[in-house]
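As stored in query.pdb (PDB, C-alpha atoms):
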```
ATOM      1  CA  MET A  20      41.790  19.679  -6.637  1.00  0.00           C
ATOM      2  CA  GLY A  21      39.326  19.825  -3.751  1.00  0.00           C
ATOM      3  CA  VAL A  22      39.156  17.256  -1.008  1.00  0.00           C
ATOM      4  CA  ILE A  23      36.577  14.503  -1.552  1.00  0.00           C
ATOM      5  CA  THR A  24      34.734  13.807   1.672  1.00  0.00           C
ATOM      6  CA  PRO A  25      33.898  10.184   2.612  1.00  0.00           C
ATOM      7  CA  VAL A  26      30.202  10.789   1.853  1.00  0.00           C
ATOM      8  CA  VAL A  27      30.940  12.195  -1.617  1.00  0.00           C
ATOM      9  CA  ALA A  28      33.375   9.366  -2.307  1.00  0.00           C
ATOM     10  CA  LEU A  29      30.737   6.821  -1.343  1.00  0.00           C
ATOM     11  CA  ILE A  30      28.203   8.450  -3.658  1.00  0.00           C
ATOM     12  CA  VAL A  31      30.656   8.425  -6.564  1.00  0.00           C
ATOM     13  CA  VAL A  32      31.663   4.787  -5.959  1.00  0.00           C
ATOM     14  CA  LEU A  33      28.053   3.617  -5.744  1.00  0.00           C
ATOM     15  CA  GLY A  34      26.992   5.629  -8.747  1.00  0.00           C
ATOM     16  CA  VAL A  35      24.210   7.527  -6.988  1.00  0.00           C
ATOM     17  CA  ALA A  36      24.969  10.567  -9.087  1.00  0.00           C
ATOM     18  CA  SER A  37      24.525   8.705 -12.380  1.00  0.00           C
ATOM     19  CA  PRO A  38      21.384   9.363 -14.465  1.00  0.00           C
ATOM     20  CA  VAL A  39      18.370   7.206 -13.655  1.00  0.00           C
ATOM     21  CA  GLY A  40      18.125   6.072 -17.258  1.00  0.00           C
ATOM     22  CA  ALA A  41      21.636   4.606 -17.088  1.00  0.00           C
ATOM     23  CA  SER A  42      20.674   2.134 -14.349  1.00  0.00           C
ATOM     24  CA  THR A  43      19.267  -1.337 -14.833  1.00  0.00           C
ATOM     25  CA  ALA A  44      17.269  -3.048 -12.096  1.00  0.00           C
ATOM     26  CA  LYS A  45      20.202  -5.389 -11.395  1.00  0.00           C
ATOM     27  CA  SER A  46      22.667  -2.517 -11.096  1.00  0.00           C
ATOM     28  CA  VAL A  47      20.262  -0.745  -8.741  1.00  0.00           C
ATOM     29  CA  ALA A  48      19.991  -3.892  -6.598  1.00  0.00           C
ATOM     30  CA  VAL A  49      23.787  -4.113  -6.414  1.00  0.00           C
ATOM     31  CA  ARG A  50      24.008  -0.418  -5.557  1.00  0.00           C
ATOM     32  CA  ILE A  51      21.538  -0.830  -2.687  1.00  0.00           C
ATOM     33  CA  ALA A  52      23.466  -3.842  -1.387  1.00  0.00           C
ATOM     34  CA  GLN A  53      26.794  -2.024  -1.652  1.00  0.00           C
ATOM     35  CA  TYR A  54      25.398   0.921   0.283  1.00  0.00           C
ATOM     36  CA  ALA A  55      24.030  -1.419   2.978  1.00  0.00           C
ATOM     37  CA  VAL A  56      27.442  -3.075   3.297  1.00  0.00           C
ATOM     38  CA  ALA A  57      29.166   0.327   3.434  1.00  0.00           C
ATOM     39  CA  THR A  58      26.749   1.420   6.169  1.00  0.00           C
ATOM     40  CA  ALA A  59      27.737  -1.608   8.253  1.00  0.00           C
ATOM     41  CA  ASP A  60      31.444  -1.164   7.509  1.00  0.00           C
ATOM     42  CA  HIS A  61      31.425   2.489   8.610  1.00  0.00           C
ATOM     43  CA  ASP A  62      29.352   1.963  11.744  1.00  0.00           C
ATOM     44  CA  ASN A  63      30.990   2.187  15.156  1.00  0.00           C
ATOM     45  CA  PRO A  64      31.695  -0.571  15.831  1.00  0.00           C
ATOM     46  CA  ALA A  65      31.787  -1.981  12.301  1.00  0.00           C
ATOM     47  CA  HIS A  66      29.742  -5.125  11.767  1.00  0.00           C
ATOM     48  CA  ALA A  67      28.577  -7.524   9.077  1.00  0.00           C
ATOM     49  CA  VAL A  68      25.680  -6.121   7.074  1.00  0.00           C
ATOM     50  CA  THR A  69      22.247  -6.727   8.636  1.00  0.00           C
ATOM     51  CA  ALA A  70      18.646  -6.785   7.439  1.00  0.00           C
ATOM     52  CA  ALA A  71      18.160  -3.332   8.965  1.00  0.00           C
ATOM     53  CA  ASP A  72      21.023  -1.991   6.840  1.00  0.00           C
ATOM     54  CA  VAL A  73      19.399  -3.431   3.710  1.00  0.00           C
ATOM     55  CA  THR A  74      15.972  -2.017   4.594  1.00  0.00           C
ATOM     56  CA  ASN A  75      17.480   1.397   5.236  1.00  0.00           C
ATOM     57  CA  ALA A  76      19.372   1.423   1.921  1.00  0.00           C
ATOM     58  CA  ALA A  77      16.348   0.243  -0.065  1.00  0.00           C
ATOM     59  CA  GLY A  78      14.316   3.120   1.395  1.00  0.00           C
ATOM     60  CA  ILE A  79      16.621   5.792  -0.058  1.00  0.00           C
ATOM     61  CA  ASP A  80      15.034   6.947  -3.312  1.00  0.00           C
ATOM     62  CA  THR A  81      18.290   8.257  -4.782  1.00  0.00           C
ATOM     63  CA  LEU A  82      19.666   4.733  -4.463  1.00  0.00           C
ATOM     64  CA  ASN A  83      16.548   2.716  -5.222  1.00  0.00           C
ATOM     65  CA  THR A  84      15.747   4.436  -8.516  1.00  0.00           C
ATOM     66  CA  SER A  85      13.934   1.331  -9.833  1.00  0.00           C
ATOM     67  CA  ASN A  86      11.562   1.160  -6.837  1.00  0.00           C
ATOM     68  CA  LEU A  87      12.698  -2.363  -6.010  1.00  0.00           C
ATOM     69  CA  PHE A  88      10.930  -4.077  -3.120  1.00  0.00           C
ATOM     70  CA  VAL A  89      12.847  -6.169  -0.582  1.00  0.00           C
ATOM     71  CA  LEU A  90      10.821  -9.378  -0.642  1.00  0.00           C
ATOM     72  CA  ILE A  91      13.319 -11.585   1.224  1.00  0.00           C
ATOM     73  CA  ASN A  92      15.807  -9.993   3.591  1.00  0.00           C
ATOM     74  CA  LEU A  93      18.772 -11.392   5.497  1.00  0.00           C
ATOM     75  CA  ASP A  94      17.839 -14.252   7.872  1.00  0.00           C
ATOM     76  CA  ASP A  95      14.259 -14.408   6.552  1.00  0.00           C
ATOM     77  CA  VAL A  96      14.603 -17.953   5.198  1.00  0.00           C
ATOM     78  CA  PHE A  97      16.168 -20.834   7.118  1.00  0.00           C
ATOM     79  CA  GLY A  98      19.166 -22.221   5.268  1.00  0.00           C
ATOM     80  CA  TYR A  99      19.692 -19.007   3.301  1.00  0.00           C
ATOM     81  CA  PRO A 100      20.853 -16.502   5.932  1.00  0.00           C
ATOM     82  CA  ARG A 101      22.694 -14.155   3.540  1.00  0.00           C
ATOM     83  CA  LEU A 102      20.086 -14.094   0.770  1.00  0.00           C
ATOM     84  CA  VAL A 103      18.377 -10.861  -0.252  1.00  0.00           C
ATOM     85  CA  LEU A 104      15.690 -10.994  -2.919  1.00  0.00           C
ATOM     86  CA  PHE A 105      14.547  -7.784  -4.584  1.00  0.00           C
ATOM     87  CA  PHE A 106      11.266  -7.778  -6.494  1.00  0.00           C
ATOM     88  CA  ASP A 107      11.091  -5.660  -9.639  1.00  0.00           C
ATOM     89  CA  GLN A 108       7.489  -4.808 -10.514  1.00  0.00           C
ATOM     90  CA  LYS A 109       8.503  -3.966 -14.072  1.00  0.00           C
ATOM     91  CA  PRO A 110       8.967  -6.484 -15.683  1.00  0.00           C
ATOM     92  CA  PHE A 111       7.753  -8.568 -12.695  1.00  0.00           C
ATOM     93  CA  SER A 112      11.012 -10.324 -11.906  1.00  0.00           C
ATOM     94  CA  ASP A 113      13.211 -11.292  -8.963  1.00  0.00           C
ATOM     95  CA  ILE A 114      16.820 -10.232  -8.394  1.00  0.00           C
ATOM     96  CA  CYS A 115      18.858 -12.162  -5.831  1.00  0.00           C
ATOM     97  CA  LEU A 116      22.109 -11.296  -4.095  1.00  0.00           C
ATOM     98  CA  ASN A 117      24.311 -13.010  -1.567  1.00  0.00           C
ATOM     99  CA  LEU A 118      25.532 -10.530   1.034  1.00  0.00           C
ATOM    100  CA  PRO A 119      28.752 -11.084   2.990  1.00  0.00           C
ATOM    101  CA  ASP A 120      28.766 -12.268   6.585  1.00  0.00           C
ATOM    102  CA  THR A 121      32.058 -10.500   7.270  1.00  0.00           C
ATOM    103  CA  ILE A 122      33.085  -6.870   7.545  1.00  0.00           C
ATOM    104  CA  GLY A 123      34.305  -5.439   4.255  1.00  0.00           C
ATOM    105  CA  GLY A 124      32.907  -8.197   2.033  1.00  0.00           C
ATOM    106  CA  ALA A 125      31.235  -7.603  -1.318  1.00  0.00           C
ATOM    107  CA  PRO A 126      27.679  -8.507  -2.368  1.00  0.00           C
ATOM    108  CA  THR A 127      27.279 -10.744  -5.395  1.00  0.00           C
ATOM    109  CA  ILE A 128      24.429 -11.355  -7.816  1.00  0.00           C
ATOM    110  CA  ILE A 129      23.275 -14.985  -7.745  1.00  0.00           C
ATOM    111  CA  LYS A 130      20.623 -17.071  -9.422  1.00  0.00           C
ATOM    112  CA  CYS A 131      17.517 -16.987  -7.248  1.00  0.00           C
ATOM    113  CA  PRO A 132      17.305 -20.325  -5.382  1.00  0.00           C
ATOM    114  CA  HIS A 133      13.904 -21.872  -6.042  1.00  0.00           C
ATOM    115  CA  GLN A 134      14.011 -23.705  -2.708  1.00  0.00           C
ATOM    116  CA  ALA A 135      14.333 -20.427  -0.813  1.00  0.00           C
ATOM    117  CA  GLN A 136      11.557 -18.825  -2.851  1.00  0.00           C
ATOM    118  CA  GLY A 137       9.309 -21.809  -2.190  1.00  0.00           C
ATOM    119  CA  LEU A 138      10.010 -21.741   1.542  1.00  0.00           C
ATOM    120  CA  TRP A 139       9.185 -18.049   1.687  1.00  0.00           C
ATOM    121  CA  ASP A 140       6.004 -18.389  -0.385  1.00  0.00           C
ATOM    122  CA  SER A 141       4.670 -21.293   1.699  1.00  0.00           C
ATOM    123  CA  ARG A 142       5.598 -19.799   5.076  1.00  0.00           C
ATOM    124  CA  ALA A 143       2.429 -17.688   5.320  1.00  0.00           C
ATOM    125  CA  GLY A 144       0.153 -20.695   4.744  1.00  0.00           C
ATOM    126  CA  ALA A 145       1.869 -22.759   7.440  1.00  0.00           C
ATOM    127  CA  LEU A 146       1.559 -19.942   9.972  1.00  0.00           C
ATOM    128  CA  LEU A 147      -2.068 -19.284   9.009  1.00  0.00           C
ATOM    129  CA  VAL A 148      -3.064 -22.903   9.601  1.00  0.00           C
ATOM    130  CA  SER A 149      -1.241 -22.808  12.933  1.00  0.00           C
ATOM    131  CA  ASN A 150      -2.992 -19.620  13.995  1.00  0.00           C
ATOM    132  CA  ARG A 151      -6.370 -21.043  12.993  1.00  0.00           C
ATOM    133  CA  ALA A 152      -5.712 -24.094  15.165  1.00  0.00           C
ATOM    134  CA  ILE A 153      -4.626 -21.958  18.133  1.00  0.00           C
ATOM    135  CA  ALA A 154      -7.687 -19.721  17.799  1.00  0.00           C
ATOM    136  CA  ALA A 155     -10.100 -22.661  17.574  1.00  0.00           C
ATOM    137  CA  ALA A 156      -8.580 -24.207  20.687  1.00  0.00           C
ATOM    138  CA  ALA A 157      -8.664 -20.920  22.595  1.00  0.00           C
ATOM    139  CA  LEU A 158     -12.349 -20.461  21.787  1.00  0.00           C
ATOM    140  CA  ALA A 159     -12.907 -23.907  23.293  1.00  0.00           C
ATOM    141  CA  GLY A 160     -11.058 -22.793  26.418  1.00  0.00           C
ATOM    142  CA  LYS A 161      -7.889 -24.821  25.946  1.00  0.00           C
ATOM    143  CA  ALA A 162      -4.392 -24.760  24.480  1.00  0.00           C
ATOM    144  CA  VAL A 163      -3.835 -26.051  20.965  1.00  0.00           C
ATOM    145  CA  SER A 164      -3.379 -29.750  20.332  1.00  0.00           C
ATOM    146  CA  GLY A 165      -2.255 -31.815  17.365  1.00  0.00           C
ATOM    147  CA  ALA A 166      -5.879 -32.665  16.628  1.00  0.00           C
ATOM    148  CA  ASP A 167      -6.694 -28.946  16.339  1.00  0.00           C
ATOM    149  CA  VAL A 168      -3.927 -28.570  13.754  1.00  0.00           C
ATOM    150  CA  VAL A 169      -5.229 -31.538  11.752  1.00  0.00           C
ATOM    151  CA  SER A 170      -8.705 -29.991  11.742  1.00  0.00           C
ATOM    152  CA  ALA A 171      -7.427 -26.541  10.728  1.00  0.00           C
ATOM    153  CA  ALA A 172      -5.365 -27.980   7.869  1.00  0.00           C
ATOM    154  CA  LYS A 173      -8.292 -29.770   6.211  1.00  0.00           C
ATOM    155  CA  GLY A 174      -9.089 -28.335   2.804  1.00  0.00           C
ATOM    156  CA  PHE A 175      -6.321 -25.762   3.051  1.00  0.00           C
ATOM    157  CA  GLY A 176      -3.158 -25.250   0.992  1.00  0.00           C
ATOM    158  CA  PRO A 177      -0.272 -26.721   3.001  1.00  0.00           C
ATOM    159  CA  THR A 178      -0.577 -30.341   4.036  1.00  0.00           C
ATOM    160  CA  LEU A 179       0.769 -32.056   7.135  1.00  0.00           C
ATOM    161  CA  ARG A 180       3.801 -34.213   6.463  1.00  0.00           C
ATOM    162  CA  ARG A 181       2.847 -36.353   9.417  1.00  0.00           C
ATOM    163  CA  LYS A 182      -0.101 -36.254  11.801  1.00  0.00           C
ATOM    164  CA  PRO A 183       0.752 -34.361  15.011  1.00  0.00           C
ATOM    165  CA  THR A 184      -0.292 -36.158  18.186  1.00  0.00           C
ATOM    166  CA  PHE A 185       0.652 -33.758  20.986  1.00  0.00           C
ATOM    167  CA  ARG A 186      -2.025 -32.983  23.568  1.00  0.00           C
ATOM    168  CA  ALA A 187      -3.322 -29.602  24.686  1.00  0.00           C
ATOM    169  CA  GLY A 188      -0.792 -27.983  27.012  1.00  0.00           C
ATOM    170  CA  GLN A 189       2.161 -29.977  25.686  1.00  0.00           C
ATOM    171  CA  GLY A 190       3.044 -27.802  22.706  1.00  0.00           C
ATOM    172  CA  GLY A 191       4.718 -29.318  19.698  1.00  0.00           C
ATOM    173  CA  THR A 192       6.364 -28.792  16.337  1.00  0.00           C
ATOM    174  CA  VAL A 193       4.369 -29.419  13.191  1.00  0.00           C
ATOM    175  CA  GLU A 194       5.817 -29.946   9.718  1.00  0.00           C
ATOM    176  CA  PHE A 195       3.904 -28.724   6.674  1.00  0.00           C
ATOM    177  CA  THR A 196       4.736 -29.672   3.098  1.00  0.00           C
ATOM    178  CA  THR A 197       3.862 -27.618   0.032  1.00  0.00           C
ATOM    179  CA  THR A 198       4.524 -27.988  -3.680  1.00  0.00           C
ATOM    180  CA  ALA A 199       5.138 -24.568  -5.171  1.00  0.00           C
ATOM    181  CA  GLU A 200       5.264 -23.660  -8.849  1.00  0.00           C
ATOM    182  CA  MET A 201       8.161 -21.245  -9.309  1.00  0.00           C
ATOM    183  CA  ALA A 202       8.047 -21.013 -13.114  1.00  0.00           C
ATOM    184  CA  PRO A 203       6.473 -22.897 -16.025  1.00  0.00           C
ATOM    185  CA  ASN A 204       7.437 -26.560 -15.659  1.00  0.00           C
ATOM    186  CA  THR A 205       9.409 -25.778 -12.489  1.00  0.00           C
ATOM    187  CA  LYS A 206       8.016 -27.049  -9.201  1.00  0.00           C
ATOM    188  CA  VAL A 207       9.657 -27.473  -5.820  1.00  0.00           C
ATOM    189  CA  THR A 208       8.440 -29.262  -2.717  1.00  0.00           C
ATOM    190  CA  VAL A 209       9.314 -27.521   0.526  1.00  0.00           C
ATOM    191  CA  ASN A 210       8.775 -28.189   4.223  1.00  0.00           C
ATOM    192  CA  ASN A 211       7.980 -25.494   6.772  1.00  0.00           C
ATOM    193  CA  CYS A 212       8.081 -26.297  10.473  1.00  0.00           C
ATOM    194  CA  VAL A 213       6.136 -24.380  13.102  1.00  0.00           C
ATOM    195  CA  ARG A 214       6.413 -24.608  16.877  1.00  0.00           C
ATOM    196  CA  LEU A 215       3.039 -24.320  18.591  1.00  0.00           C
ATOM    197  CA  PRO A 216       2.616 -22.995  22.136  1.00  0.00           C
ATOM    198  CA  LYS A 217       1.806 -24.805  25.356  1.00  0.00           C
ATOM    199  CA  THR A 218      -0.592 -22.070  26.489  1.00  0.00           C
ATOM    200  CA  PRO A 219      -3.875 -20.781  25.048  1.00  0.00           C
ATOM    201  CA  TYR A 220      -3.692 -17.711  22.784  1.00  0.00           C
ATOM    202  CA  GLY A 221      -0.016 -18.318  22.118  1.00  0.00           C
ATOM    203  CA  ILE A 222       1.864 -17.347  18.985  1.00  0.00           C
ATOM    204  CA  PRO A 223       3.192 -19.897  16.483  1.00  0.00           C
ATOM    205  CA  VAL A 224       6.877 -19.580  15.623  1.00  0.00           C
ATOM    206  CA  GLU A 225       8.572 -20.830  12.470  1.00  0.00           C
ATOM    207  CA  VAL A 226      11.582 -23.024  13.278  1.00  0.00           C
ATOM    208  CA  PRO A 227      14.082 -25.021  11.189  1.00  0.00           C
ATOM    209  CA  CYS A 228      12.860 -28.439  10.140  1.00  0.00           C
TER     210      CYS A 228
END
```
Just dump the structure as structure tokens.
Amino acid sequence: MGVITPVVALIVVLGVASPVGASTAKSVAVRIAQYAVATADHDNPAHAVTAADVTNAAGIDTLNTSNLFVLINLDDVFGYPRLVLFFDQKPFSDICLNLPDTIGGAPTIIKCPHQAQGLWDSRAGALLVSNRAIAAAALAGKAVSGADVVSAAKGFGPTLRRKPTFRAGQGGTVEFTTTAEMAPNTKVTVNNCVRLPKTPYGIPVEVPC
């Protein structure tokens, strides 16, 4: 019997050589995650799997035979550092896995946490309001203030949990609250916090609430 090289062994273990028709979207998601973990394990030095490892594995067409899209990667959502969410366009569904934070661990399929999905979905709105406030202040020749944020949030999706009162040049953290509908009759209320800059033309940064 011939010698099986580490690469061939990895392909056999992960099932890359199996027919496309034999794979379900969930099995493909697990295969991508396993490959990402194996990439981290075999690196020099070995390390816990990272978002870059997941992105790399998802970009390999012989692994990602279902064309899954990485919607949430590792460390994308505060409070869910080891969550990876794959989006399956057919039949328009989410597949979630928890990836290990240690070398040699195994990924596991989990039920997608609605709180994490809500935080991710509402993140863009919170940052957009913040950027609108920063831009309006910059056009007026000053750094953003709490009043600018209040003005930018009027009539927009996310609402302010409390009115920010910081002055221009002070910078401050603003908390937005959003109610997101995750499924029929399933709603979650989430809070996204954004740190605004002390200087004009700065960049807002999402921070833990």
*Tell me, as a VMD selection string, which residues lie within 8 Å of region 204-210 of chain A, counting only C-alpha atoms; anything in the same chain fewer than 6 positions away does not count.*
chain A and resid 133 to 134 137 to 138 141 194 to 198 228
*Non-local contacts of Gln108 (chain A) (12 Å; all atoms listed in the file; under 4 positions in same chain excluded) as number ranges by chain*: A: 44, 85-90, 112-114
Residues of region 121-174 of chain A within 9 Å of region 221-224 of chain A: nearest atom pair and distance (Å, one decimal) for each, counting all atoms listed in the file, sorted by chain and number, as JSON lines?
```
{"residue": "A:Leu146", "atom": "CA", "partner": "A:Pro223", "partner_atom": "CA", "distance": 6.7}
{"residue": "A:Ser149", "atom": "CA", "partner": "A:Pro223", "partner_atom": "CA", "distance": 6.4}
{"residue": "A:Asn150", "atom": "CA", "partner": "A:Pro223", "partner_atom": "CA", "distance": 6.7}
{"residue": "A:Ile153", "atom": "CA", "partner": "A:Gly221", "partner_atom": "CA", "distance": 7.1}
{"residue": "A:Ala154", "atom": "CA", "partner": "A:Gly221", "partner_atom": "CA", "distance": 8.9}
{"residue": "A:Ala162", "atom": "CA", "partner": "A:Gly221", "partner_atom": "CA", "distance": 8.1}
{"residue": "A:Val163", "atom": "CA", "partner": "A:Gly221", "partner_atom": "CA", "distance": 8.7}
```
Store the residues picked out above in a file with C-alpha atoms, as a PDB file, keeping the file's coordinate frame.
```pdb
ATOM      1  CA  LEU A 146       1.559 -19.942   9.972  1.00  0.00           C
ATOM      2  CA  SER A 149      -1.241 -22.808  12.933  1.00  0.00           C
ATOM      3  CA  ASN A 150      -2.992 -19.620  13.995  1.00  0.00           C
ATOM      4  CA  ILE A 153      -4.626 -21.958  18.133  1.00  0.00           C
ATOM      5  CA  ALA A 154      -7.687 -19.721  17.799  1.00  0.00           C
ATOM      6  CA  ALA A 162      -4.392 -24.760  24.480  1.00  0.00           C
ATOM      7  CA  VAL A 163      -3.835 -26.051  20.965  1.00  0.00           C
TER       8      VAL A 163
END
```
*List the residues selected by the PyMOL selection byres ((chain A and resi 175) around 10) in the file shown, writing them as a PyMOL selection string.*
chain A and resi 144-145+147-148+170-174+176-178
Take the residues that were just selected and, keeping C-alpha atoms, output them as a PDB file, in the coordinates of the input.
```
ATOM      1  CA  GLY A 144       0.153 -20.695   4.744  1.00  0.00           C
ATOM      2  CA  ALA A 145       1.869 -22.759   7.440  1.00  0.00           C
ATOM      3  CA  LEU A 147      -2.068 -19.284   9.009  1.00  0.00           C
ATOM      4  CA  VAL A 148      -3.064 -22.903   9.601  1.00  0.00           C
ATOM      5  CA  SER A 170      -8.705 -29.991  11.742  1.00  0.00           C
ATOM      6  CA  ALA A 171      -7.427 -26.541  10.728  1.00  0.00           C
ATOM      7  CA  ALA A 172      -5.365 -27.980   7.869  1.00  0.00           C
ATOM      8  CA  LYS A 173      -8.292 -29.770   6.211  1.00  0.00           C
ATOM      9  CA  GLY A 174      -9.089 -28.335   2.804  1.00  0.00           C
ATOM     10  CA  GLY A 176      -3.158 -25.250   0.992  1.00  0.00           C
ATOM     11  CA  PRO A 177      -0.272 -26.721   3.001  1.00  0.00           C
ATOM     12  CA  THR A 178      -0.577 -30.341   4.036  1.00  0.00           C
TER      13      THR A 178
END
```
*asked:* For a test of reading the model, state the distance in Å between CA of Leu82 (chain A) and CA of Pro100 (chain A), rounded to one decimal.
replied: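 It comes out at 23.7 Å.
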*For each of A:Ala48, A:Cys115, A:Ile79, A:Ala157, take the minimum atom-to-atom distance to Ile91 (chain A), counting only C-alpha atoms, then give the residue where this is smallest.*
A:Cys115
*Using all atoms listed in the file, what residues lie at most 9 Å away from (12.2, -16.2, 6.3) (file coordinates), given as a ChimeraX atom specification?*
/A:91-97,99-100,135,138-139,142,225
*List, as a VMD selection string, every residue that the PyMOL selection byres ((chain A and resi 117) around 7) selects in the file provided.*
chain A and resid 101 to 103 115 to 116 118 to 119 126 to 129
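CA of Phe106 (chain A) is positioned 11.6 Å from CA of Val47 (chain A).
Note that CA of Arg186 (chain A) and CA of Gly160 (chain A) are 13.9 Å apart.
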Apply the PyMOL selection byres ((chain A and resi 55) around 6) to the displayed file and report the matching residues as a compact mmCIF listing (two decimals) with C-alpha atoms, keeping the file's coordinate frame.
```
# COMPACT_ATOMS: atom_id res chain seq x y z
CA ALA A 52 23.47 -3.84 -1.39
CA GLN A 53 26.79 -2.02 -1.65
CA TYR A 54 25.40 0.92 0.28
CA VAL A 56 27.44 -3.08 3.30
CA ALA A 57 29.17 0.33 3.43
CA THR A 58 26.75 1.42 6.17
CA ASP A 72 21.02 -1.99 6.84
CA VAL A 73 19.40 -3.43 3.71
CA ALA A 76 19.37 1.42 1.92
```
*Would you please work out which residue, of A:Cys131, A:Ala202, A:Ile122, A:Leu215, is nearest to Thr69 (chain A) when using all atoms listed in the file?*
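Selected residue with least distance to Thr69 (chain A): A:Ile122.
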